[in-house]
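start-v8.csv follows; it contains CSV, C-alpha atoms and all ligand atoms.
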chain,number,residue,atom,x,y,z
W,1,MET,CA,-17.6,-56.8,35.2
W,2,THR,CA,-19.2,-54.7,32.5
W,3,GLY,CA,-17.5,-51.7,31.0
W,4,ARG,CA,-19.7,-49.5,33.1
W,5,ASP,CA,-18.8,-51.4,36.3
W,6,ARG,CA,-15.1,-51.0,35.5
W,7,PHE,CA,-15.6,-47.3,34.8
W,8,LEU,CA,-17.5,-46.7,38.1
W,9,ALA,CA,-14.8,-48.7,40.0
W,10,ASP,CA,-12.2,-46.3,38.5
W,11,VAL,CA,-14.3,-43.3,39.6
W,12,ASP,CA,-14.5,-44.8,43.1
W,13,GLY,CA,-10.7,-45.3,43.2
W,14,GLU,CA,-10.1,-41.7,42.2
W,15,LEU,CA,-12.5,-40.5,44.9
W,16,ALA,CA,-10.7,-42.6,47.5
W,17,ALA,CA,-7.4,-41.3,46.5
W,18,ILE,CA,-8.6,-37.7,46.9
W,19,ARG,CA,-9.9,-38.5,50.4
W,20,THR,CA,-6.7,-40.1,51.6
W,21,SER,CA,-4.6,-37.3,50.1
W,22,GLY,CA,-6.2,-34.8,52.4
W,23,ARG,CA,-7.4,-32.8,49.4
W,24,TRP,CA,-11.1,-33.5,49.7
W,25,LYS,CA,-13.1,-30.3,49.5
W,26,PRO,CA,-16.2,-30.5,51.7
W,27,GLU,CA,-19.1,-28.3,51.0
W,28,ARG,CA,-20.5,-26.6,54.2
W,29,VAL,CA,-24.2,-25.9,53.9
W,30,LEU,CA,-25.3,-22.3,54.7
W,31,THR,CA,-28.9,-21.8,55.9
W,32,SER,CA,-28.7,-18.0,55.9
W,33,ALA,CA,-27.9,-15.2,53.5
W,34,GLN,CA,-24.3,-14.6,52.6
W,35,ASP,CA,-22.8,-12.1,55.1
W,36,GLY,CA,-20.0,-11.4,57.5
W,37,ARG,CA,-21.7,-14.0,59.8
W,38,VAL,CA,-23.6,-16.9,58.4
W,39,HIS,CA,-25.5,-19.9,59.7
W,40,VAL,CA,-23.9,-23.2,58.8
W,41,GLU,CA,-26.1,-26.3,58.9
W,42,SER,CA,-25.4,-28.5,62.0
W,43,VAL,CA,-23.0,-25.9,63.3
W,44,GLY,CA,-24.8,-22.7,64.0
W,45,GLU,CA,-23.8,-19.1,63.5
W,46,VAL,CA,-20.2,-18.5,62.5
W,47,LEU,CA,-17.9,-15.7,61.4
W,48,ASN,CA,-17.4,-16.0,57.7
W,49,LEU,CA,-13.9,-15.5,56.4
W,50,CYS,CA,-14.1,-17.0,53.0
W,51,ALA,CA,-16.7,-15.3,50.8
W,52,ASN,CA,-15.9,-13.0,47.8
W,53,ASN,CA,-18.5,-10.6,49.4
W,54,TYR,CA,-16.0,-7.9,49.7
W,55,LEU,CA,-18.4,-4.9,50.1
W,56,GLY,CA,-21.0,-6.9,52.0
W,57,LEU,CA,-23.6,-6.3,49.3
W,58,ALA,CA,-24.7,-9.9,48.9
W,59,ASP,CA,-27.8,-9.4,51.1
W,60,HIS,CA,-28.2,-5.6,50.6
W,61,PRO,CA,-31.9,-4.6,50.5
W,62,ALA,CA,-31.4,-2.4,47.4
W,63,LEU,CA,-30.2,-5.4,45.4
W,64,THR,CA,-32.8,-7.8,46.5
W,65,ALA,CA,-35.5,-5.2,46.0
W,66,ALA,CA,-34.4,-4.5,42.5
W,67,ALA,CA,-34.1,-8.2,41.7
W,68,THR,CA,-37.6,-9.1,43.0
W,69,ARG,CA,-39.2,-6.0,41.4
W,70,THR,CA,-37.8,-7.0,38.1
W,71,MET,CA,-38.7,-10.7,38.5
W,72,ASN,CA,-42.3,-9.5,39.1
W,73,THR,CA,-42.4,-7.4,35.9
W,74,ASP,CA,-40.1,-9.3,33.6
W,75,GLY,CA,-40.4,-12.9,34.8
W,76,TYR,CA,-38.0,-15.4,36.2
W,77,GLY,CA,-36.0,-16.5,33.2
W,78,MET,CA,-35.2,-15.5,29.6
W,79,ALA,CA,-35.4,-19.1,28.2
W,80,SER,CA,-33.3,-18.0,25.2
W,81,VAL,CA,-29.9,-17.1,23.9
W,82,ARG,CA,-29.3,-13.3,23.6
W,83,PHE,CA,-29.5,-13.1,19.8
W,84,ILE,CA,-32.6,-15.3,19.5
W,85,CYS,CA,-35.1,-13.6,21.9
W,86,GLY,CA,-33.1,-13.4,25.1
W,87,THR,CA,-32.2,-9.7,25.2
W,88,ASN,CA,-34.4,-7.4,27.2
W,89,ALA,CA,-34.0,-3.8,28.1
W,90,HIS,CA,-32.3,-4.6,31.4
W,91,HIS,CA,-29.4,-6.4,29.6
W,92,ARG,CA,-28.8,-3.4,27.5
W,93,GLU,CA,-28.9,-1.0,30.5
W,94,LEU,CA,-26.6,-3.2,32.5
W,95,GLU,CA,-24.0,-3.4,29.7
W,96,ALA,CA,-24.1,0.4,29.3
W,97,ASP,CA,-23.8,0.9,33.1
W,98,LEU,CA,-20.9,-1.6,33.2
W,99,ALA,CA,-19.1,0.2,30.4
W,100,ALA,CA,-19.5,3.6,32.1
W,101,PHE,CA,-18.4,2.1,35.5
W,102,LEU,CA,-15.3,0.4,34.0
W,103,GLY,CA,-14.5,3.3,31.7
W,104,THR,CA,-14.7,1.4,28.4
W,105,GLU,CA,-16.7,2.0,25.2
W,106,ASP,CA,-18.9,-1.1,25.6
W,107,ALA,CA,-19.4,-4.3,27.6
W,108,ILE,CA,-21.0,-7.7,27.0
W,109,THR,CA,-22.3,-10.0,29.7
W,110,PHE,CA,-22.0,-13.8,30.0
W,111,ALA,CA,-23.4,-16.4,32.4
W,112,ALA,CA,-20.2,-16.2,34.5
W,113,CYS,CA,-16.7,-14.8,34.2
W,114,PHE,CA,-15.5,-18.4,33.6
W,115,ASP,CA,-17.5,-18.1,30.4
W,116,ALA,CA,-16.3,-14.6,29.6
W,117,ASN,CA,-12.7,-15.8,29.9
W,118,GLY,CA,-13.5,-18.9,27.9
W,119,ALA,CA,-15.1,-16.8,25.2
W,120,VAL,CA,-12.8,-13.9,24.8
W,121,PHE,CA,-9.7,-15.3,23.1
W,122,GLU,CA,-10.9,-17.6,20.4
W,123,PRO,CA,-12.8,-15.1,18.2
W,124,LEU,CA,-10.2,-12.4,18.4
W,125,PHE,CA,-6.9,-14.3,17.9
W,126,GLY,CA,-5.8,-16.7,15.2
W,127,PRO,CA,-3.0,-19.1,14.5
W,128,ASP,CA,-0.5,-16.4,13.6
W,129,ASP,CA,-1.0,-14.5,16.8
W,130,HIS,CA,0.6,-14.9,20.2
W,131,ILE,CA,-0.8,-14.9,23.7
W,132,VAL,CA,1.6,-14.4,26.6
W,133,SER,CA,0.0,-15.5,29.9
W,134,ASP,CA,1.1,-15.2,33.5
W,135,GLN,CA,1.7,-18.7,34.9
W,136,LEU,CA,-0.7,-18.2,37.8
W,137,ASN,CA,-3.6,-16.9,35.8
W,138,HIS,CA,-7.0,-18.2,36.7
W,139,ALA,CA,-8.0,-21.6,35.4
W,140,SER,CA,-10.7,-19.9,33.1
W,141,ILE,CA,-8.0,-17.8,31.4
W,142,ILE,CA,-5.8,-20.9,30.9
W,143,ASP,CA,-8.8,-22.8,29.4
W,144,GLY,CA,-9.8,-19.8,27.2
W,145,ILE,CA,-6.3,-19.6,25.8
W,146,ARG,CA,-6.3,-23.4,25.2
W,147,LEU,CA,-9.5,-23.0,23.2
W,148,CYS,CA,-7.9,-20.4,20.9
W,149,ARG,CA,-5.5,-21.2,18.0
W,150,ALA,CA,-2.9,-18.6,18.8
W,151,ASN,CA,0.6,-19.5,19.8
W,152,ARG,CA,0.9,-19.8,23.6
W,153,HIS,CA,3.6,-18.5,25.9
W,154,ARG,CA,3.9,-18.4,29.7
W,155,PHE,CA,5.9,-16.3,32.0
W,156,ARG,CA,6.7,-16.8,35.7
W,157,SER,CA,4.1,-15.0,37.8
W,158,GLY,CA,4.9,-11.3,38.0
W,159,ASP,CA,8.3,-11.7,36.4
W,160,LEU,CA,8.4,-8.8,34.0
W,161,ASP,CA,12.0,-9.6,33.0
W,162,GLU,CA,10.8,-12.9,31.7
W,163,LEU,CA,7.8,-11.3,30.1
W,164,GLU,CA,10.1,-8.8,28.3
W,165,ARG,CA,12.4,-11.6,27.0
W,166,THR,CA,9.4,-13.5,25.7
W,167,LEU,CA,8.0,-10.4,24.0
W,168,GLN,CA,11.5,-9.8,22.5
W,169,GLU,CA,11.7,-13.4,21.1
W,170,ILE,CA,8.2,-13.1,19.6
W,171,ARG,CA,8.9,-9.8,18.0
W,172,ALA,CA,12.1,-11.1,16.6
W,173,THR,CA,10.1,-13.2,14.2
W,174,SER,CA,6.5,-12.0,14.2
W,175,SER,CA,4.6,-8.9,13.5
W,176,ALA,CA,1.3,-10.5,14.2
W,177,HIS,CA,-1.0,-9.6,17.1
W,178,VAL,CA,0.5,-10.2,20.5
W,179,LEU,CA,-1.7,-10.2,23.7
W,180,ILE,CA,-0.4,-10.2,27.3
W,181,ALA,CA,-3.0,-11.8,29.5
W,182,THR,CA,-3.0,-11.4,33.3
W,183,ASP,CA,-5.1,-11.6,36.4
W,184,ALA,CA,-5.2,-8.1,38.1
W,185,VAL,CA,-5.3,-9.8,41.5
W,186,PHE,CA,-4.0,-13.4,41.8
W,187,SER,CA,-6.8,-14.8,43.9
W,188,MET,CA,-5.0,-17.7,45.5
W,189,ASP,CA,-2.2,-15.4,46.7
W,190,GLY,CA,-3.8,-12.0,47.2
W,191,VAL,CA,-1.1,-10.5,45.0
W,192,VAL,CA,-1.9,-7.4,42.9
W,193,ALA,CA,-0.2,-7.4,39.4
W,194,ASP,CA,2.0,-4.6,38.3
W,195,LEU,CA,-0.2,-3.4,35.5
W,196,VAL,CA,1.9,-0.3,34.9
W,197,GLY,CA,4.9,-2.4,34.2
W,198,ILE,CA,2.9,-4.7,32.0
W,199,CYS,CA,1.4,-1.8,30.0
W,200,ASP,CA,4.8,-0.3,29.6
W,201,LEU,CA,6.1,-3.5,28.1
W,202,ALA,CA,3.0,-3.8,25.9
W,203,ASP,CA,3.8,-0.3,24.5
W,204,ARG,CA,7.4,-1.2,23.9
W,205,PHE,CA,6.6,-4.4,22.0
W,206,ASP,CA,3.4,-3.2,20.4
W,207,ALA,CA,1.3,-5.7,22.3
W,208,LEU,CA,-2.3,-5.6,23.6
W,209,VAL,CA,-3.2,-6.2,27.2
W,210,MET,CA,-6.0,-8.4,28.6
W,211,VAL,CA,-6.8,-8.1,32.4
W,212,ASP,CA,-9.1,-10.3,34.5
W,213,ASP,CA,-10.2,-8.0,37.4
W,214,CYS,CA,-12.6,-10.3,39.2
W,215,HIS,CA,-11.1,-9.5,42.6
W,216,GLY,CA,-10.3,-5.8,41.9
W,217,THR,CA,-13.7,-4.6,40.6
W,218,GLY,CA,-15.5,-2.9,43.5
W,219,VAL,CA,-12.5,-3.4,45.8
W,220,LEU,CA,-9.7,-1.2,44.4
W,221,GLY,CA,-9.6,2.1,42.6
W,222,PRO,CA,-11.6,5.3,42.8
W,223,ALA,CA,-15.3,4.5,43.2
W,224,GLY,CA,-14.3,0.8,43.1
W,225,ALA,CA,-13.6,1.0,39.3
W,226,GLY,CA,-11.0,-1.7,39.7
W,227,THR,CA,-7.2,-2.4,39.6
W,228,PRO,CA,-6.5,-0.7,36.3
W,229,ALA,CA,-8.1,2.6,37.6
W,230,HIS,CA,-6.3,2.1,40.9
W,231,GLN,CA,-2.9,2.0,39.0
W,232,GLY,CA,-3.9,4.8,36.6
W,233,VAL,CA,-3.8,2.5,33.5
W,234,ALA,CA,-7.5,1.9,32.8
W,235,HIS,CA,-7.2,3.6,29.4
W,236,ARG,CA,-4.3,1.3,28.5
W,237,ILE,CA,-6.1,-2.0,29.0
W,238,ASP,CA,-7.5,-3.4,25.7
W,239,ILE,CA,-9.7,-6.2,27.2
W,240,LEU,CA,-11.0,-6.3,30.7
W,241,THR,CA,-13.0,-9.2,32.1
W,242,THR,CA,-14.7,-9.3,35.4
W,243,THR,CA,-17.5,-10.9,37.4
W,244,LEU,CA,-20.9,-9.9,38.9
W,245,GLY,CA,-20.4,-12.8,41.3
W,246,LYS,CA,-18.0,-11.2,43.9
W,247,ALA,CA,-18.0,-7.6,45.1
W,248,LEU,CA,-20.8,-6.6,42.8
W,249,GLY,CA,-23.4,-8.3,44.9
W,250,GLY,CA,-22.2,-11.9,44.4
W,251,GLY,CA,-25.1,-12.9,42.1
W,252,MET,CA,-24.0,-14.3,38.8
W,253,GLY,CA,-22.6,-13.1,35.5
W,254,GLY,CA,-19.4,-12.4,33.7
W,255,VAL,CA,-18.3,-9.3,31.7
W,256,VAL,CA,-16.0,-8.4,28.9
W,257,ALA,CA,-15.4,-4.6,28.7
W,258,ALA,CA,-13.5,-3.2,25.7
W,259,ARG,CA,-13.7,-1.0,22.7
W,260,ARG,CA,-17.0,-1.2,20.8
W,261,PRO,CA,-15.8,-3.3,17.8
W,262,ILE,CA,-14.2,-5.9,20.1
W,263,VAL,CA,-17.4,-6.3,22.0
W,264,GLU,CA,-19.4,-6.4,18.7
W,265,LEU,CA,-17.2,-9.2,17.4
W,266,LEU,CA,-17.7,-11.1,20.6
W,267,ARG,CA,-21.5,-10.8,20.2
W,268,GLN,CA,-21.2,-12.3,16.8
W,269,ARG,CA,-18.6,-15.0,17.4
W,270,ALA,CA,-18.2,-15.9,21.1
W,271,ARG,CA,-19.4,-19.4,21.6
W,272,PRO,CA,-20.5,-19.1,25.3
W,273,TYR,CA,-22.6,-16.1,24.2
W,274,LEU,CA,-24.1,-17.6,21.1
W,275,PHE,CA,-24.8,-21.1,22.6
W,276,SER,CA,-25.9,-20.3,26.1
W,277,ASN,CA,-28.9,-18.8,28.0
W,278,ALA,CA,-29.1,-15.1,28.7
W,279,LEU,CA,-28.8,-13.9,32.3
W,280,ALA,CA,-32.0,-13.9,34.2
W,281,PRO,CA,-33.7,-10.5,34.5
W,282,GLY,CA,-33.6,-10.5,38.3
W,283,LEU,CA,-29.9,-11.0,38.4
W,284,VAL,CA,-29.4,-8.2,35.8
W,285,ALA,CA,-31.4,-5.7,37.8
W,286,GLY,CA,-29.6,-6.7,41.0
W,287,ALA,CA,-26.3,-6.2,39.3
W,288,ARG,CA,-27.4,-2.7,38.2
W,289,ALA,CA,-28.3,-1.8,41.8
W,290,ALA,CA,-25.0,-3.3,42.9
W,291,LEU,CA,-23.1,-0.9,40.6
W,292,VAL,CA,-24.9,2.1,42.2
W,293,GLN,CA,-24.0,0.8,45.7
W,294,THR,CA,-20.4,0.1,44.7
W,295,ALA,CA,-19.8,3.5,43.1
W,296,GLN,CA,-21.2,5.1,46.3
W,297,GLY,CA,-19.3,2.6,48.5
W,298,ASP,CA,-16.2,4.5,49.7
W,299,GLU,CA,-17.1,3.9,53.3
W,300,ARG,CA,-17.5,0.2,52.7
W,301,ARG,CA,-14.2,0.1,50.9
W,302,ARG,CA,-12.5,2.0,53.7
W,303,ARG,CA,-13.9,-0.5,56.2
W,304,LEU,CA,-12.9,-3.5,54.1
W,305,HIS,CA,-9.3,-2.4,53.7
W,306,ARG,CA,-9.0,-1.4,57.4
W,307,ASN,CA,-10.3,-4.9,58.3
W,308,ALA,CA,-7.7,-6.5,56.0
W,309,GLU,CA,-4.8,-4.4,57.5
W,310,ARG,CA,-6.0,-5.2,61.1
W,311,PHE,CA,-6.1,-8.9,60.3
W,312,ARG,CA,-2.7,-8.9,58.6
W,313,ARG,CA,-1.0,-7.0,61.4
W,314,ALA,CA,-2.4,-9.2,64.2
W,315,MET,CA,-1.7,-12.5,62.3
W,316,VAL,CA,1.9,-11.6,61.7
W,317,THR,CA,2.3,-10.6,65.3
W,318,LYS,CA,1.0,-14.1,66.3
W,319,GLY,CA,3.6,-15.7,64.1
W,320,PHE,CA,1.6,-16.8,61.0
W,321,GLU,CA,3.1,-16.7,57.6
W,322,LEU,CA,0.9,-14.7,55.2
W,323,ALA,CA,1.0,-14.3,51.4
W,324,GLY,CA,0.0,-11.2,49.4
W,325,ARG,CA,-0.3,-7.5,50.0
W,326,GLY,CA,-2.7,-4.6,49.5
W,327,HIS,CA,-5.8,-6.7,49.0
W,328,PRO,CA,-8.5,-8.2,51.4
W,329,ILE,CA,-7.5,-11.7,50.3
W,330,VAL,CA,-5.1,-12.8,53.1
W,331,PRO,CA,-3.8,-16.4,52.6
W,332,VAL,CA,-2.4,-18.1,55.7
W,333,MET,CA,0.3,-20.4,54.4
W,334,VAL,CA,0.2,-23.9,55.9
W,335,ARG,CA,2.1,-25.9,53.2
W,336,ASP,CA,0.6,-29.3,54.3
W,337,ASP,CA,-2.7,-30.6,52.9
W,338,HIS,CA,-3.8,-32.6,55.9
W,339,LEU,CA,-2.8,-29.8,58.3
W,340,ALA,CA,-4.7,-27.2,56.3
W,341,GLY,CA,-7.8,-29.3,56.4
W,342,ALA,CA,-7.5,-30.0,60.1
W,343,LEU,CA,-7.0,-26.3,60.8
W,344,ALA,CA,-10.1,-25.4,58.9
W,345,ASP,CA,-12.1,-28.0,60.9
W,346,ALA,CA,-10.6,-26.7,64.2
W,347,LEU,CA,-11.5,-23.1,63.2
W,348,LEU,CA,-15.1,-24.1,62.4
W,349,ASP,CA,-15.3,-25.7,65.9
W,350,ARG,CA,-14.3,-22.3,67.2
W,351,GLY,CA,-17.0,-20.5,65.2
W,352,VAL,CA,-14.9,-19.3,62.2
W,353,LEU,CA,-15.7,-20.5,58.7
W,354,VAL,CA,-12.6,-20.8,56.4
W,355,SER,CA,-11.7,-23.0,53.6
W,356,ALA,CA,-8.5,-25.1,53.1
W,357,PHE,CA,-7.0,-24.7,49.6
W,358,SER,CA,-4.9,-27.6,48.4
W,359,PHE,CA,-3.9,-29.0,45.0
W,360,PRO,CA,-5.2,-28.7,42.3
W,361,VAL,CA,-6.5,-25.3,43.3
W,362,VAL,CA,-3.0,-24.2,44.4
W,363,PRO,CA,0.4,-25.8,43.4
W,364,GLU,CA,1.5,-28.9,45.3
W,365,GLY,CA,3.2,-28.1,48.6
W,366,THR,CA,1.5,-24.7,49.0
W,367,ALA,CA,-1.7,-25.6,50.9
W,368,ARG,CA,-3.1,-22.7,52.7
W,369,ILE,CA,-6.2,-21.2,54.4
W,370,ARG,CA,-7.3,-18.4,52.1
W,371,THR,CA,-9.1,-15.8,54.2
W,372,GLN,CA,-11.0,-12.9,52.7
W,373,MET,CA,-12.2,-9.9,54.6
W,374,THR,CA,-15.4,-8.0,54.0
W,375,ALA,CA,-16.8,-4.7,54.9
W,376,ALA,CA,-19.5,-6.6,56.7
W,377,HIS,CA,-16.9,-7.5,59.4
W,378,THR,CA,-16.5,-5.4,62.5
W,379,GLU,CA,-13.1,-4.8,64.1
W,380,ALA,CA,-14.2,-7.1,67.0
W,381,ASP,CA,-14.9,-9.8,64.4
W,382,ILE,CA,-11.3,-9.5,63.1
W,383,ASP,CA,-10.0,-9.9,66.7
W,384,VAL,CA,-12.2,-12.9,67.3
W,385,ALA,CA,-10.9,-14.5,64.0
W,386,VAL,CA,-7.2,-13.9,65.0
W,387,ASP,CA,-7.8,-15.5,68.5
W,388,ALA,CA,-9.5,-18.4,66.9
W,389,PHE,CA,-6.5,-19.0,64.5
W,390,VAL,CA,-4.1,-19.1,67.5
W,391,GLU,CA,-6.4,-21.5,69.4
W,392,ALA,CA,-7.0,-23.7,66.4
W,393,ALA,CA,-3.3,-23.9,65.5
W,394,ASP,CA,-2.5,-24.9,69.1
W,395,ALA,CA,-5.3,-27.5,69.0
W,396,VAL,CA,-4.0,-29.2,65.9
W,397,GLY,CA,-0.4,-29.1,67.2
W,398,TRP,CA,0.9,-26.8,64.5
W,399,ALA,CA,4.3,-25.4,65.5
W,400,ARG,CA,4.4,-22.4,63.2
G,501,LIG,C1,-9.6,-14.4,38.8
G,501,LIG,C2,-10.9,-15.1,38.5
G,501,LIG,N1,-11.3,-15.1,37.3
G,501,LIG,C3,-12.5,-15.7,36.9
G,501,LIG,C4,-13.3,-16.2,37.9
G,501,LIG,C5,-14.6,-16.9,37.5
G,501,LIG,O1,-15.7,-16.0,37.8
G,501,LIG,P1,-17.2,-16.5,37.9
G,501,LIG,O2,-17.4,-17.0,39.3
G,501,LIG,O3,-18.0,-15.3,37.5
G,501,LIG,O4,-17.3,-17.6,36.9
G,501,LIG,C6,-12.9,-16.2,39.2
G,501,LIG,C7,-13.8,-16.9,40.3
G,501,LIG,O5,-13.4,-17.8,40.9
G,501,LIG,C8,-11.7,-15.6,39.6
G,501,LIG,O6,-11.3,-15.7,40.8
Can you present the structure in this file as structure tokens?
Amino acid sequence: MTGRDRFLADVDGELAAIRTSGRWKPERVLTSAQDGRVHVESVGEVLNLCANNYLGLADHPALTAAATRTMNTDGYGMASVRFICGTNAHHRELEADLAAFLGTEDAITFAACFDANGAVFEPLFGPDDHIVSDQLNHASIIDGIRLCRANRHRFRSGDLDELERTLQEIRATSSAHVLIATDAVFSMDGVVADLVGICDLADRFDALVMVDDCHGTGVLGPAGAGTPAHQGVAHRIDILTTTLGKALGGGMGGVVAARRPIVELLRQRARPYLFSNALAPGLVAGARAALVQTAQGDERRRRLHRNAERFRRAMVTKGFELAGRGHPIVPVMVRDDHLAGALADALLDRGVLVSAFSFPVVPEGTARIRTQMTAAHTEADIDVAVDAFVEAADAVGWAR
């Protein structure tokens, strides 16, 4: 056996272990646009309960028209990093629009929020500094903090007493920069962070606050400005990251919004900005159109939250254990990897597309079906989904 053969045998072994663990993540193939109902290859039309398409903008004609118009005038791709020759007028306009929408001085875009979170810590915080991170923060925040040389601390998710103790300990010995980093909405749990409590602690201990609002932008707050605006603390957040890949049309792109000097330093130093291609013009124009629709989207937001409430109420009545609150992410707790996978399959058989979440996406022993509502669902869709859950649970013999 060559070294390559042994290596490939190891890879095969790992794949087999994932399959037998019940943690295999199949990829269903859609053959229609992203929407409240989608067409799945070899299955047909199904109700879609697992997209981040909160406002139903992913196939909105204003977005596709803006994107195609701009592709026709500005071409398909930039073929360059922003600082070389990859910045066009649309990038500048989008960043100005984002800053205005999010209520910050400036904004910078990345290929994805995974990149934005990977980019944001390393240029701004050095070995004397401290970053205190919620234990359930998104993988990209965890990775971004790992890439930075600051001292790292973790607190139990949402446990502000532990956060306070950690800040006390840091301040007992250090007057360096301290940053509290948190998801605004914990996407696996549908839990909204207490940003007021976090900002109050930041003030007491002279710390800065970084918030990832990927699941709050467009969904929460006046005009969809996000979780900090929803909780009245937008002006107290130092660094906000978000995505163009969810409520804002579901295209691609990540954002860091902050005071101008912070954004300028990121333009000079952030590695995923300096060493990666600029966003394609069509995506940029689509995102600008998405911001307009989002700001004018109160009716969509009302429908979205009404759908989430309707689903929650009915599912609890039917005896399902749900996680989270106050957000259209509604996780149905199953706690068994195999059962969660079987339930997802049984739901697809009944015309409902959901995804089973198991380790390493969620902690061991907390497998779940994470459902997400959208403004593109009707009330009748929600009722159909609940009935399908009941039937699927019975079909797989789940005594809940
Ligand atoms: C909380 C959170 N942060 C960051 C990301 C990454 O966003 P993007 O898809 O733009 O890379 C996601 C997406 O899964 C997310 O849920």
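Of note, atom CA of Val29 of chain W and atom CA of Val46 of chain W are spaced 12.0 Å apart.
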Minimum-distance residue to Ala399 of chain W, chosen among W:Ala290, W:Leu353, W:Leu339, W:Ala184 (using all atoms listed in the file):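 Using all atoms listed in the file, Ala399 of chain W sits closest to W:Leu339.
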Would you compute, for all listed atoms of ligand LIG 501 (chain G), the axis-aligned bounding box grown by 6 Å on each side, and then report its centre and edge lengths in Å rounded to one decimal, as JSON?
{"center_x": -13.8, "center_y": -16.1, "center_z": 38.9, "size_x": 20.4, "size_y": 15.4, "size_z": 16.0}
Computed interatomic separation between atom CA of Pro127 of chain W and atom O1 of ligand LIG 501 (chain G) (Å):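 Computing the Euclidean distance for atom CA of Pro127 of chain W and atom O1 of ligand LIG 501 (chain G) yields 26.7 Å.
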Per residue of chain W within 8 Å of ligand LIG 501 (chain G), what are the shortest atom pair and its distance in Å to one decimal, counting only C-alpha atoms and all ligand atoms, with rows by chain and residue number, as a tab-separated table?
residue	atom	partner	partner_atom	distance
W:Ala111	CA	G:LIG501	O3	7.5
W:Ala112	CA	G:LIG501	O3	3.8
W:Cys113	CA	G:LIG501	O3	3.6
W:Phe114	CA	G:LIG501	O4	3.8
W:Asp115	CA	G:LIG501	O4	6.5
W:Ala116	CA	G:LIG501	O4	8.0
W:Asn117	CA	G:LIG501	C3	7.0
W:Asn137	CA	G:LIG501	C1	7.2
W:His138	CA	G:LIG501	C1	5.1
W:Ala139	CA	G:LIG501	N1	7.5
W:Ser140	CA	G:LIG501	C3	5.9
W:Ile141	CA	G:LIG501	N1	7.3
W:Asp183	CA	G:LIG501	C1	5.8
W:Ala184	CA	G:LIG501	C1	7.7
W:Val185	CA	G:LIG501	C1	6.9
W:Phe186	CA	G:LIG501	C1	6.4
W:Ser187	CA	G:LIG501	O6	5.5
W:Asp212	CA	G:LIG501	C1	6.0
W:Asp213	CA	G:LIG501	C1	6.6
W:Cys214	CA	G:LIG501	C1	5.1
W:His215	CA	G:LIG501	C1	6.4
W:Thr242	CA	G:LIG501	C3	6.9
W:Thr243	CA	G:LIG501	O3	4.4
W:Leu244	CA	G:LIG501	O3	6.3
W:Gly245	CA	G:LIG501	O3	5.1
W:Lys246	CA	G:LIG501	O2	7.4
W:Met252	CA	G:LIG501	O3	6.2
W:Gly253	CA	G:LIG501	O3	5.5
W:Gly254	CA	G:LIG501	O3	5.0
Pick from W:Arg28, W:Arg165, W:Arg301, W:Arg267 nearest to Leu348 of chain W, counting only C-alpha atoms: W:Arg28
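Separating atom CA of Asp106 of chain W from atom CA of Leu266 of chain W is a distance of 11.2 Å.
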